[in-house]
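Visitor: My structure is stored as data-v9.csv, with CSV, C-alpha atoms and all ligand atoms.
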```csv
chain,number,residue,atom,x,y,z
A,1,MET,CA,-24.6,115.1,-30.0
A,2,ALA,CA,-21.6,113.7,-31.8
A,3,ALA,CA,-20.2,110.4,-30.4
A,4,VAL,CA,-17.8,111.1,-27.6
A,5,ALA,CA,-14.3,109.5,-27.9
A,6,PRO,CA,-13.0,107.7,-24.9
A,7,ASN,CA,-10.9,109.8,-22.6
A,8,PRO,CA,-7.2,109.5,-23.8
A,9,LEU,CA,-6.3,108.2,-20.4
A,10,PHE,CA,-8.0,105.0,-21.5
A,11,GLY,CA,-6.4,105.1,-25.0
A,12,GLU,CA,-4.2,102.4,-26.5
A,13,ASN,CA,-0.6,103.7,-25.8
A,14,PRO,CA,1.1,101.4,-23.3
A,15,PHE,CA,3.0,104.3,-21.7
A,16,LYS,CA,1.1,107.5,-21.5
A,17,LEU,CA,2.4,111.0,-21.2
A,18,GLY,CA,1.2,114.2,-19.6
A,19,LEU,CA,2.6,117.7,-19.0
A,20,PHE,CA,2.7,118.7,-15.4
A,21,SER,CA,2.7,122.3,-13.9
A,22,VAL,CA,2.7,124.2,-17.2
A,23,ASN,CA,0.2,126.5,-15.4
A,24,ALA,CA,2.7,127.7,-12.8
A,25,ASP,CA,5.8,129.8,-13.0
A,26,GLY,CA,9.0,127.8,-13.0
A,27,GLY,CA,7.0,124.7,-14.0
A,28,LEU,CA,8.4,122.2,-11.6
A,29,ALA,CA,11.9,123.7,-11.4
A,30,LEU,CA,13.3,125.9,-8.6
A,31,THR,CA,15.9,127.8,-10.6
A,32,THR,CA,17.0,131.3,-11.4
A,33,VAL,CA,18.0,130.7,-15.1
A,34,PRO,CA,16.7,133.6,-17.1
A,35,GLU,CA,14.9,131.3,-19.5
A,36,ARG,CA,12.9,129.7,-16.7
A,37,TRP,CA,9.2,129.1,-17.4
A,38,ARG,CA,7.0,132.2,-16.7
A,39,ALA,CA,3.6,130.5,-17.3
A,40,ARG,CA,2.2,133.2,-19.5
A,41,TRP,CA,-1.3,132.4,-20.8
A,42,ASP,CA,-0.5,132.5,-24.5
A,43,ASP,CA,2.5,130.2,-24.0
A,44,ILE,CA,0.4,127.8,-22.0
A,45,VAL,CA,-2.1,127.7,-24.9
A,46,HIS,CA,0.7,127.2,-27.4
A,47,ILE,CA,2.2,124.3,-25.4
A,48,SER,CA,-1.2,122.7,-24.8
A,49,ARG,CA,-2.0,122.7,-28.6
A,50,LEU,CA,1.4,121.3,-29.4
A,51,ALA,CA,0.9,118.5,-27.0
A,52,ASP,CA,-2.6,117.9,-28.3
A,53,ASP,CA,-1.4,117.6,-31.9
A,54,ALA,CA,1.4,115.3,-30.8
A,55,GLY,CA,-1.0,112.9,-29.2
A,56,ILE,CA,0.2,113.5,-25.6
A,57,GLU,CA,-2.5,112.2,-23.4
A,58,PHE,CA,-3.0,114.9,-20.7
A,59,ILE,CA,-2.4,118.3,-19.3
A,60,LEU,CA,-2.1,118.2,-15.5
A,61,PRO,CA,-1.9,121.6,-13.7
A,62,ILE,CA,-0.4,122.0,-10.2
A,63,ALA,CA,-2.6,123.4,-7.5
A,64,ARG,CA,-0.7,126.1,-5.7
A,65,TRP,CA,-1.9,129.2,-3.8
A,66,GLN,CA,1.4,130.8,-2.9
A,67,GLY,CA,5.1,130.6,-3.8
A,68,PHE,CA,8.1,129.0,-2.2
A,69,GLY,CA,10.0,132.3,-1.7
A,70,GLY,CA,13.7,132.4,-2.6
A,71,GLN,CA,14.9,134.7,-5.3
A,72,THR,CA,12.1,133.9,-7.8
A,73,ASP,CA,9.2,133.1,-5.4
A,74,ALA,CA,8.8,129.9,-7.5
A,75,ARG,CA,5.1,129.0,-8.1
A,76,GLY,CA,4.2,132.5,-6.7
A,77,SER,CA,2.2,132.9,-10.0
A,78,SER,CA,-0.1,130.1,-11.1
A,79,TYR,CA,-3.5,129.8,-12.8
A,80,GLU,CA,-6.4,128.3,-10.8
A,81,THR,CA,-6.9,124.8,-12.2
A,82,LEU,CA,-10.7,124.6,-12.8
A,83,THR,CA,-10.9,127.8,-14.7
A,84,HIS,CA,-7.6,127.0,-16.5
A,85,GLY,CA,-9.2,123.7,-17.5
A,86,ALA,CA,-12.4,125.2,-18.8
A,87,ALA,CA,-10.4,127.5,-21.0
A,88,LEU,CA,-8.1,124.8,-22.4
A,89,ALA,CA,-11.0,122.5,-23.0
A,90,ALA,CA,-12.3,125.1,-25.5
A,91,LEU,CA,-8.9,125.5,-27.1
A,92,THR,CA,-7.9,121.8,-27.6
A,93,LYS,CA,-9.4,118.8,-29.4
A,94,ARG,CA,-8.3,115.5,-28.1
A,95,ILE,CA,-6.1,115.8,-25.0
A,96,ALA,CA,-7.4,115.2,-21.5
A,97,ILE,CA,-7.6,118.3,-19.4
A,98,PHE,CA,-7.2,117.7,-15.7
A,99,SER,CA,-8.0,120.0,-12.8
A,100,THR,CA,-6.0,119.5,-9.6
A,101,VAL,CA,-8.5,120.2,-6.8
A,102,HIS,CA,-7.8,120.6,-3.1
A,103,ALA,CA,-10.6,118.7,-1.6
A,104,PRO,CA,-10.5,120.5,1.7
A,105,LEU,CA,-10.4,124.0,0.1
A,106,VAL,CA,-12.9,123.7,-2.8
A,107,HIS,CA,-16.5,122.8,-1.8
A,108,PRO,CA,-17.7,119.6,-3.5
A,109,VAL,CA,-20.9,121.2,-4.7
A,110,PHE,CA,-18.8,123.9,-6.5
A,111,ALA,CA,-16.2,121.4,-7.7
A,112,ALA,CA,-18.9,119.1,-9.2
A,113,LYS,CA,-20.5,121.9,-11.2
A,114,ALA,CA,-17.1,123.2,-12.4
A,115,LEU,CA,-16.0,119.7,-13.5
A,116,ALA,CA,-19.2,119.1,-15.3
A,117,THR,CA,-18.8,122.4,-17.1
A,118,ILE,CA,-15.3,121.3,-18.3
A,119,ASP,CA,-16.5,117.9,-19.3
A,120,HIS,CA,-19.2,119.5,-21.5
A,121,VAL,CA,-16.9,122.1,-23.0
A,122,SER,CA,-14.4,119.4,-23.8
A,123,HIS,CA,-16.9,116.7,-24.9
A,124,GLY,CA,-15.8,114.2,-22.3
A,125,ARG,CA,-12.1,115.1,-21.8
A,126,ALA,CA,-12.2,116.4,-18.2
A,127,GLY,CA,-10.0,114.9,-15.6
A,128,LEU,CA,-10.0,115.3,-11.8
A,129,ASN,CA,-6.8,115.1,-9.8
A,130,ILE,CA,-7.7,115.1,-6.1
A,131,VAL,CA,-5.2,116.5,-3.6
A,132,CYS,CA,-6.0,116.4,0.1
A,133,GLY,CA,-3.5,118.9,1.2
A,134,TRP,CA,-0.2,119.4,3.0
A,135,ASN,CA,0.9,123.0,2.7
A,136,GLN,CA,-0.3,124.6,5.9
A,137,PRO,CA,0.6,128.2,5.0
A,138,GLU,CA,-1.7,127.9,2.0
A,139,PHE,CA,-4.5,126.6,4.3
A,140,ASP,CA,-3.8,129.6,6.6
A,141,MET,CA,-4.8,131.8,3.6
A,142,PHE,CA,-8.2,130.2,3.7
A,143,GLY,CA,-8.4,130.4,7.5
A,144,THR,CA,-8.6,126.6,7.5
A,145,ALA,CA,-6.9,124.0,9.6
A,146,GLN,CA,-6.1,120.7,8.0
A,147,ALA,CA,-8.3,117.9,9.2
A,148,ASP,CA,-6.8,115.3,11.5
A,149,ASP,CA,-7.7,112.7,8.9
A,150,ARG,CA,-7.5,114.5,5.6
A,151,TYR,CA,-8.3,111.4,3.7
A,152,ALA,CA,-11.5,110.8,5.6
A,153,GLN,CA,-12.6,114.3,4.8
A,154,GLY,CA,-11.5,113.7,1.2
A,155,TYR,CA,-13.6,110.6,1.0
A,156,GLU,CA,-16.7,112.4,2.1
A,157,TRP,CA,-15.9,115.1,-0.5
A,158,TYR,CA,-15.6,112.4,-3.2
A,159,GLN,CA,-18.9,110.8,-2.2
A,160,ILE,CA,-20.8,114.1,-2.4
A,161,LEU,CA,-19.2,114.8,-5.8
A,162,THR,CA,-20.0,111.5,-7.4
A,163,ARG,CA,-23.5,111.5,-6.0
A,164,ILE,CA,-24.1,114.8,-7.7
A,165,PHE,CA,-22.7,113.3,-10.9
A,166,ALA,CA,-25.2,110.4,-10.6
A,167,GLY,CA,-28.0,112.9,-11.0
A,168,GLY,CA,-31.5,112.3,-9.7
A,169,GLU,CA,-33.4,113.7,-6.7
A,170,PRO,CA,-32.0,116.2,-4.3
A,171,PHE,CA,-30.2,114.5,-1.4
A,172,ASP,CA,-29.0,115.4,2.1
A,173,PHE,CA,-25.5,114.4,3.2
A,174,THR,CA,-24.5,114.1,6.9
A,175,GLY,CA,-20.9,113.2,7.6
A,176,GLU,CA,-18.2,114.2,10.0
A,177,TYR,CA,-17.0,117.1,7.8
A,178,TYR,CA,-20.1,118.0,5.7
A,179,ASP,CA,-23.7,118.5,6.6
A,180,LEU,CA,-25.5,119.4,3.4
A,181,LYS,CA,-29.2,119.7,2.5
A,182,GLY,CA,-31.1,119.3,-0.7
A,183,VAL,CA,-28.0,118.8,-2.9
A,184,VAL,CA,-28.5,118.7,-6.7
A,185,GLY,CA,-26.3,119.5,-9.7
A,186,ALA,CA,-27.1,119.5,-13.4
A,187,PRO,CA,-25.9,118.9,-16.0
A,188,SER,CA,-24.2,115.7,-15.0
A,189,THR,CA,-20.9,114.8,-16.5
A,190,ILE,CA,-20.6,113.3,-20.0
A,191,GLN,CA,-18.1,110.7,-18.7
A,192,GLN,CA,-20.0,108.4,-16.4
A,193,PRO,CA,-20.0,107.6,-13.6
A,194,ARG,CA,-17.5,110.5,-13.3
A,195,PRO,CA,-14.6,112.1,-15.2
A,196,VAL,CA,-11.4,110.1,-15.2
A,197,THR,CA,-9.9,110.6,-11.7
A,198,MET,CA,-6.5,110.4,-10.2
A,199,SER,CA,-5.2,111.3,-6.8
A,200,ALA,CA,-1.8,112.6,-5.9
A,201,ALA,CA,-0.1,111.0,-2.9
A,202,PHE,CA,2.7,108.8,-1.7
A,203,SER,CA,1.8,107.6,1.8
A,204,PRO,CA,0.0,104.3,2.6
A,205,PRO,CA,-3.3,106.2,3.6
A,206,GLY,CA,-3.0,108.2,0.3
A,207,ARG,CA,-2.7,104.9,-1.6
A,208,GLU,CA,-5.8,103.6,0.2
A,209,PHE,CA,-7.7,106.7,-0.7
A,210,ALA,CA,-6.7,106.3,-4.4
A,211,VAL,CA,-7.9,102.7,-4.3
A,212,LYS,CA,-11.3,103.9,-3.0
A,213,THR,CA,-11.7,106.8,-5.3
A,214,SER,CA,-9.5,106.9,-8.4
A,215,ASP,CA,-8.6,105.3,-11.7
A,216,PHE,CA,-5.0,106.3,-11.2
A,217,LEU,CA,-2.6,107.1,-8.4
A,218,PHE,CA,-0.1,109.9,-9.2
A,219,THR,CA,3.0,109.3,-7.2
A,220,THR,CA,6.8,109.7,-7.0
A,221,PHE,CA,9.6,107.2,-7.0
A,222,ALA,CA,13.3,107.7,-6.3
A,223,GLU,CA,15.0,104.7,-8.1
A,224,ILE,CA,13.7,102.0,-10.4
A,225,GLU,CA,14.3,99.3,-7.8
A,226,SER,CA,12.3,101.1,-5.0
A,227,GLY,CA,9.7,102.2,-7.6
A,228,ALA,CA,9.1,98.5,-8.3
A,229,ALA,CA,8.4,97.8,-4.6
A,230,HIS,CA,6.1,100.8,-4.4
A,231,ILE,CA,4.1,99.6,-7.4
A,232,ALA,CA,3.8,96.1,-6.0
A,233,ASP,CA,2.4,97.6,-2.8
A,234,ILE,CA,-0.1,99.8,-4.7
A,235,ARG,CA,-1.1,96.8,-6.8
A,236,ARG,CA,-1.6,94.6,-3.7
A,237,ARG,CA,-3.8,97.3,-2.2
A,238,GLY,CA,-5.9,97.6,-5.4
A,239,GLN,CA,-6.3,93.8,-5.7
A,240,GLN,CA,-7.5,93.5,-2.1
A,241,ALA,CA,-10.2,96.0,-2.9
A,242,GLY,CA,-10.9,94.4,-6.3
A,243,ARG,CA,-9.7,97.5,-8.1
A,244,ASP,CA,-7.2,97.7,-11.0
A,245,LEU,CA,-5.5,100.9,-10.1
A,246,GLY,CA,-3.1,102.4,-12.7
A,247,VAL,CA,0.0,104.3,-11.5
A,248,PHE,CA,1.4,107.4,-13.0
A,249,THR,CA,4.6,109.1,-12.0
A,250,THR,CA,6.3,112.4,-12.5
A,251,THR,CA,9.6,113.4,-14.1
A,252,HIS,CA,11.6,116.5,-15.0
A,253,VAL,CA,13.3,116.3,-18.4
A,254,VAL,CA,16.5,117.7,-20.0
A,255,CYS,CA,16.8,116.1,-23.4
A,256,ARG,CA,19.7,117.0,-25.7
A,257,GLU,CA,21.7,115.6,-28.6
A,258,SER,CA,24.6,114.5,-26.4
A,259,GLN,CA,24.5,113.1,-22.8
A,260,GLN,CA,27.2,115.7,-21.8
A,261,GLU,CA,25.2,118.6,-23.1
A,262,ALA,CA,22.1,117.4,-21.1
A,263,GLU,CA,24.1,116.9,-17.9
A,264,ASP,CA,25.9,120.3,-18.3
A,265,TYR,CA,22.5,122.0,-18.5
A,266,TYR,CA,21.1,120.1,-15.6
A,267,GLN,CA,24.2,121.2,-13.6
A,268,ARG,CA,23.6,124.8,-14.7
A,269,TYR,CA,20.0,125.2,-13.9
A,270,ALA,CA,19.6,122.8,-10.9
A,271,VAL,CA,22.9,123.4,-9.1
A,272,ASP,CA,24.9,126.5,-10.2
A,273,LEU,CA,21.8,128.7,-10.8
A,274,ALA,CA,19.4,126.8,-8.5
A,275,ASP,CA,17.1,129.0,-6.5
A,276,HIS,CA,18.6,127.8,-3.2
A,277,GLY,CA,16.3,129.8,-1.0
A,278,ALA,CA,13.3,128.3,-2.6
A,279,VAL,CA,14.8,124.8,-2.5
A,280,ASP,CA,15.5,125.2,1.2
A,281,ARG,CA,12.0,126.4,1.9
A,282,HIS,CA,10.3,123.8,-0.2
A,283,MET,CA,12.3,120.9,1.2
A,284,ALA,CA,11.8,122.1,4.8
A,285,MET,CA,8.0,122.4,4.2
A,286,LYS,CA,7.7,119.0,2.6
A,287,LYS,CA,9.6,117.4,5.4
A,288,GLU,CA,7.4,119.1,8.0
A,289,PHE,CA,4.0,118.6,6.4
A,290,ALA,CA,4.1,115.9,3.7
A,291,ASN,CA,5.4,112.4,3.1
A,292,SER,CA,5.3,112.7,-0.7
A,293,HIS,CA,8.7,111.2,-1.3
A,294,ASP,CA,10.9,108.4,0.0
A,295,PRO,CA,12.6,109.9,3.1
A,296,HIS,CA,16.2,109.5,1.8
A,297,VAL,CA,15.3,111.7,-1.3
A,298,PHE,CA,15.6,114.9,0.8
A,299,ASP,CA,19.2,114.2,1.8
A,300,GLN,CA,20.5,112.6,-1.3
A,301,TYR,CA,18.9,114.4,-4.1
A,302,ARG,CA,19.0,118.2,-3.6
A,303,GLN,CA,19.6,118.6,-7.3
A,304,ARG,CA,16.4,116.8,-8.0
A,305,PHE,CA,14.5,119.3,-5.8
A,306,ALA,CA,15.9,122.2,-7.7
A,307,GLY,CA,15.4,120.3,-11.0
A,308,GLY,CA,11.8,119.3,-10.4
A,309,VAL,CA,10.8,119.3,-6.7
A,310,GLY,CA,12.1,115.8,-6.1
A,311,THR,CA,10.6,114.1,-9.1
A,312,TYR,CA,12.7,111.6,-11.2
A,313,PRO,CA,15.2,113.1,-13.6
A,314,LEU,CA,15.2,112.1,-17.3
A,315,VAL,CA,18.4,113.8,-18.3
A,316,GLY,CA,20.3,112.8,-21.4
A,317,THR,CA,19.9,111.9,-25.1
A,318,PRO,CA,16.6,110.9,-26.6
A,319,ARG,CA,17.8,107.3,-26.6
A,320,HIS,CA,18.7,107.5,-22.9
A,321,ILE,CA,15.4,108.9,-22.0
A,322,VAL,CA,13.5,106.2,-23.8
A,323,ASP,CA,15.6,103.5,-22.2
A,324,GLU,CA,14.6,105.0,-18.8
A,325,MET,CA,11.0,105.0,-19.8
A,326,VAL,CA,11.2,101.4,-20.9
A,327,LYS,CA,12.4,100.5,-17.4
A,328,MET,CA,9.6,102.6,-15.8
A,329,HIS,CA,7.0,100.8,-18.0
A,330,ALA,CA,8.6,97.4,-17.1
A,331,ILE,CA,8.2,97.9,-13.4
A,332,GLY,CA,4.5,98.8,-14.0
A,333,PHE,CA,4.0,102.5,-14.4
A,334,ALA,CA,1.2,103.4,-16.8
A,335,GLY,CA,2.9,106.6,-17.8
A,336,THR,CA,4.6,109.7,-16.6
A,337,THR,CA,4.3,113.4,-16.6
A,338,LEU,CA,7.0,115.6,-18.1
A,339,SER,CA,8.2,119.0,-17.1
A,340,PHE,CA,10.8,121.2,-18.7
A,341,VAL,CA,12.7,124.3,-17.7
A,342,ASN,CA,11.1,126.0,-20.6
A,343,PHE,CA,8.3,124.1,-22.3
A,344,SER,CA,8.2,126.2,-25.4
A,345,ASP,CA,12.0,125.8,-26.1
A,346,GLU,CA,12.1,122.1,-25.2
A,347,LEU,CA,8.8,120.3,-25.9
A,348,PRO,CA,9.1,120.5,-29.7
A,349,TYR,CA,12.5,118.7,-29.6
A,350,PHE,CA,11.1,116.1,-27.3
A,351,ILE,CA,8.1,115.5,-29.6
A,352,ASP,CA,10.4,115.2,-32.7
A,353,ARG,CA,13.0,113.0,-31.2
A,354,VAL,CA,11.7,111.1,-28.3
A,355,LEU,CA,8.1,110.2,-29.4
A,356,PRO,CA,9.3,108.2,-32.5
A,357,LEU,CA,11.8,106.3,-30.4
A,358,MET,CA,9.1,105.5,-27.9
A,359,ALA,CA,7.0,104.1,-30.7
A,360,SER,CA,10.0,101.9,-31.9
A,361,ALA,CA,10.4,100.7,-28.3
A,362,GLY,CA,6.7,99.7,-28.2
A,363,LEU,CA,5.8,102.3,-25.6
A,364,ARG,CA,3.5,104.2,-27.9
A,365,ARG,CA,1.7,103.5,-31.2
A,366,PRO,CA,3.4,105.2,-34.2
A,367,ARG,CA,1.8,108.5,-35.1
A,368,PRO,CA,0.5,108.8,-38.7
B,401,LIG,C1,3.1,113.5,-7.7
B,401,LIG,C2,2.4,114.3,-6.7
B,401,LIG,C3,1.8,115.5,-7.1
B,401,LIG,C4,1.2,116.4,-6.2
B,401,LIG,N1,0.6,117.5,-6.6
B,401,LIG,C5,0.1,118.4,-5.7
B,401,LIG,C6,-0.4,119.7,-6.1
B,401,LIG,O1,-0.5,120.0,-7.2
B,401,LIG,N2,-0.9,120.5,-5.1
B,401,LIG,C7,-0.8,120.1,-3.8
B,401,LIG,O2,-1.2,120.9,-2.9
B,401,LIG,N3,-0.3,118.9,-3.4
B,401,LIG,C8,0.1,118.1,-4.3
B,401,LIG,N4,0.7,116.9,-3.9
B,401,LIG,C9,0.6,116.5,-2.5
B,401,LIG,C10,-0.3,115.4,-2.1
B,401,LIG,O3,-1.6,115.6,-2.6
B,401,LIG,C11,-0.3,115.1,-0.6
B,401,LIG,O4,-0.9,116.2,0.1
B,401,LIG,C12,1.1,114.9,-0.1
B,401,LIG,O5,1.8,114.0,-0.9
B,401,LIG,C13,1.0,114.4,1.3
B,401,LIG,O6,0.2,113.3,1.4
B,401,LIG,P1,0.7,111.9,1.5
B,401,LIG,O7,1.6,111.8,2.7
B,401,LIG,O8,-0.5,111.0,1.6
B,401,LIG,O9,1.5,111.6,0.2
B,401,LIG,C14,1.2,116.0,-4.8
B,401,LIG,C15,1.8,114.8,-4.4
B,401,LIG,C16,2.4,114.0,-5.4
B,401,LIG,C17,3.0,112.7,-4.9
```
Mind turning this structure into structure tokens?
Guide:
Amino acid sequence: MAAVAPNPLFGENPFKLGLFSVNADGGLALTTVPERWRARWDDIVHISRLADDAGIEFILPIARWQGFGGQTDARGSSYETLTHGAALAALTKRIAIFSTVHAPLVHPVFAAKALATIDHVSHGRAGLNIVCGWNQPEFDMFGTAQADDRYAQGYEWYQILTRIFAGGEPFDFTGEYYDLKGVVGAPSTIQQPRPVTMSAAFSPPGREFAVKTSDFLFTTFAEIESGAAHIADIRRRGQQAGRDLGVFTTTHVVCRESQQEAEDYYQRYAVDLADHGAVDRHMAMKKEFANSHDPHVFDQYRQRFAGGVGTYPLVGTPRHIVDEMVKMHAIGFAGTTLSFVNFSDELPYFIDRVLPLMASAGLRRPRP
């Protein structure tokens, strides 16, 4: 077999980029603008190849099983992430292809085989993003209650998965959540001991879980100052466990020639034409079931929820966006995901205008 290149997540760019939620309608936005993202398969392929050719490091799908209601039922339509990953693995060349997997909803024996398949199809570019759950109405669809300690369950899930990847003799596993006999799975993954792994969380237990299981934590921040404090906390937890855990964050992007133009469009899609019903439902559910943001974000930043479910806004000129990324890198983020109202309309401009400025700022190597 040809030599396998290292997964792009371990490549040389100091500040790495991914695309988040291209697989789901609306992307990350909760908006009614007519040009909102519809997540049609051919458009997803087009965007993934564009990102691949531009040297963007990864595609990260969102894992959703139902929408958030409102006028658009945002995220009501989305592609399942493992099958989506297998297809994109065959259609791209260099970019890492993550699958976001609900540990409590997808059996680890199945997940191991699916991920190994993607790792072979992609020649070592598969990625695993572990989510341990928050959205109870989705769990109701599976007839499943959430575990009292979802991260304890997730850790058993992870142990089974990685033991399968290690190959060897059939094994039994007896834990609090799984009781399995004669477990095997071949082929093993090309990436060893496992595909590059991140886990998405914000809370302290979620951080501890990431330290035990993942190469990267995927997390939110509200302001540069509080982001620095979060990173210090995550680093400290990693150091205590002897792990060098990288931290990725997530943003929604409006990039235009002038600052005013960008802000006007942000006002249009995330305030004037926000899907207010979906914003109300999403914020209420997140408040009830998840701690995935700083608490004050819910009250102060409604526009950010419509703009990109509470992620950090990168709104402005190419220069402004790169200045923001320089600050994010300076406080310790390894990179960020990007989401746009319409990836097809907006990603080409971002690639043309922002990537060269990132190279000049030392955030990325210049592209030949
Ligand atoms: C950046 C980020 C991305 C996430 N992506 C997903 C997702 O795709 N699907 C999902 O069900 N949960 C997702 N979550 C939710 C988390 O996996 C977790 O269930 C939630 O944050 C509550 O756990 P916590 O209190 O430990 O953060 C995400 C969370 C964060 C912070």
Visitor: Nearest to ligand LIG 401 (chain B) among A:Tyr349, A:Phe165, A:Phe202, A:Phe110, with distances taken over all atoms listed in the file: which residue is it?
Guide: A:Phe202
Visitor: Compute the set of protein, DNA and RNA residues whose minimum atom distance to ligand LIG 401 (chain B) is at most 6 Å, using only C-alpha atoms and all ligand atoms, and state it as a count of residues only.
Guide: 20
Visitor: My list of candidates is A:Thr317, A:Thr213, A:Thr32, A:Asn23. Which is closest to Gln259 of chain A when distances are computed with all atoms listed in the file?
Guide: A:Thr317
Visitor: For Arg364 of chain A, please output as a list in words all residues within 9 Å (counting all atoms listed in the file; exclusion window: fewer than 4 positions along the same chain).
Guide: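 Returned residues: Glu12, Asn13, Pro14, Phe15, Lys16, Leu355, Pro356, Leu357, Met358, Ala359 and Ser360 of chain A.
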Visitor: Record the distance separating atom CA of Val211 of chain A and atom CA of His102 of chain A, expressed in Å with one decimal.
Guide: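 Spanning atom CA of Val211 of chain A to atom CA of His102 of chain A is a straight-line distance of 17.9 Å.
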Visitor: So, with only C-alpha atoms as the atoms that count, which of A:Phe10, A:Phe171, A:Phe68, A:Tyr178 lies closest to Gln191 of chain A?
Guide: A:Phe10
Visitor: Which residues, written as number ranges by chain, have at least one atom at most 6 Å from segment 267-278 of chain A, with only C-alpha atoms counted and residues fewer than 3 positions away on the same chain left out?
Guide: A: 30-33, 68-70, 264, 281-282, 303, 306-307
Visitor: Have a look at atom CA of Ala114 of chain A and atom CA of Ala86 of chain A and let me know their distance in Å, one decimal.
Guide: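 Atom-to-atom, atom CA of Ala114 of chain A and atom CA of Ala86 of chain A are spaced 8.2 Å apart.
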Visitor: Could you jot down the atom CA of Gly67 of chain A to atom CA of Val22 of chain A separation for me, Å, one decimal place?
Guide: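 So the two atoms, atom CA of Gly67 of chain A and atom CA of Val22 of chain A, lie 15.0 Å apart.
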Visitor: Can you tell me, as a PyMOL selection string, which residues sit within 9 Å of (-14.3, 115.0, 0.3) in the file's frame, using all atoms listed in the file?
Guide: chain A and resi 103-104+107-108+132+150-161+177-178
Visitor: Using only C-alpha atoms for the distances, tell me which of A:Phe340, A:Phe142, A:Phe209, A:Phe58 is nearest to Arg243 of chain A.
Guide: A:Phe209
Visitor: Please provide as a PyMOL selection string all residues within 9 Å of Ala24 of chain A, with the sequence filter that same-chain residues fewer than 2 positions apart are discarded (counting all atoms listed in the file).
Guide: chain A and resi 21-22+26-28+37-40+61-64+74-79
Visitor: Identify which of the residues A:Gly175, A:Lys93, A:Thr249, A:Leu9 lies closest to Asp215 of chain A, counting only C-alpha atoms when measuring atom-to-atom distances.
Guide: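 Once distances to Asp215 of chain A are computed over only C-alpha atoms, the minimum belongs to A:Leu9.
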Visitor: Identify which of the residues A:Asp345, A:Glu225, A:Gly310, A:Asp294 lies closest to Gly332 of chain A, counting only C-alpha atoms when measuring atom-to-atom distances.
Guide: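 That would be A:Glu225, the residue with the smallest distance to Gly332 of chain A.
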Visitor: If we count all atoms listed in the file and set the cut-off at 7 Å, which residues sit around segment 295-301 of chain A, ignoring sequence neighbours fewer than 2 positions away in its own chain? Please answer as a ChimeraX atom specification.
Guide: /A:222,283,293,303-305
Visitor: Give me the residues near Leu338 of chain A as a PyMOL selection string, where near means some atom within 6 Å (using all atoms listed in the file) and where sequence neighbours in that chain fewer than 4 positions away do not count.
Guide: chain A and resi 19-20+251-252
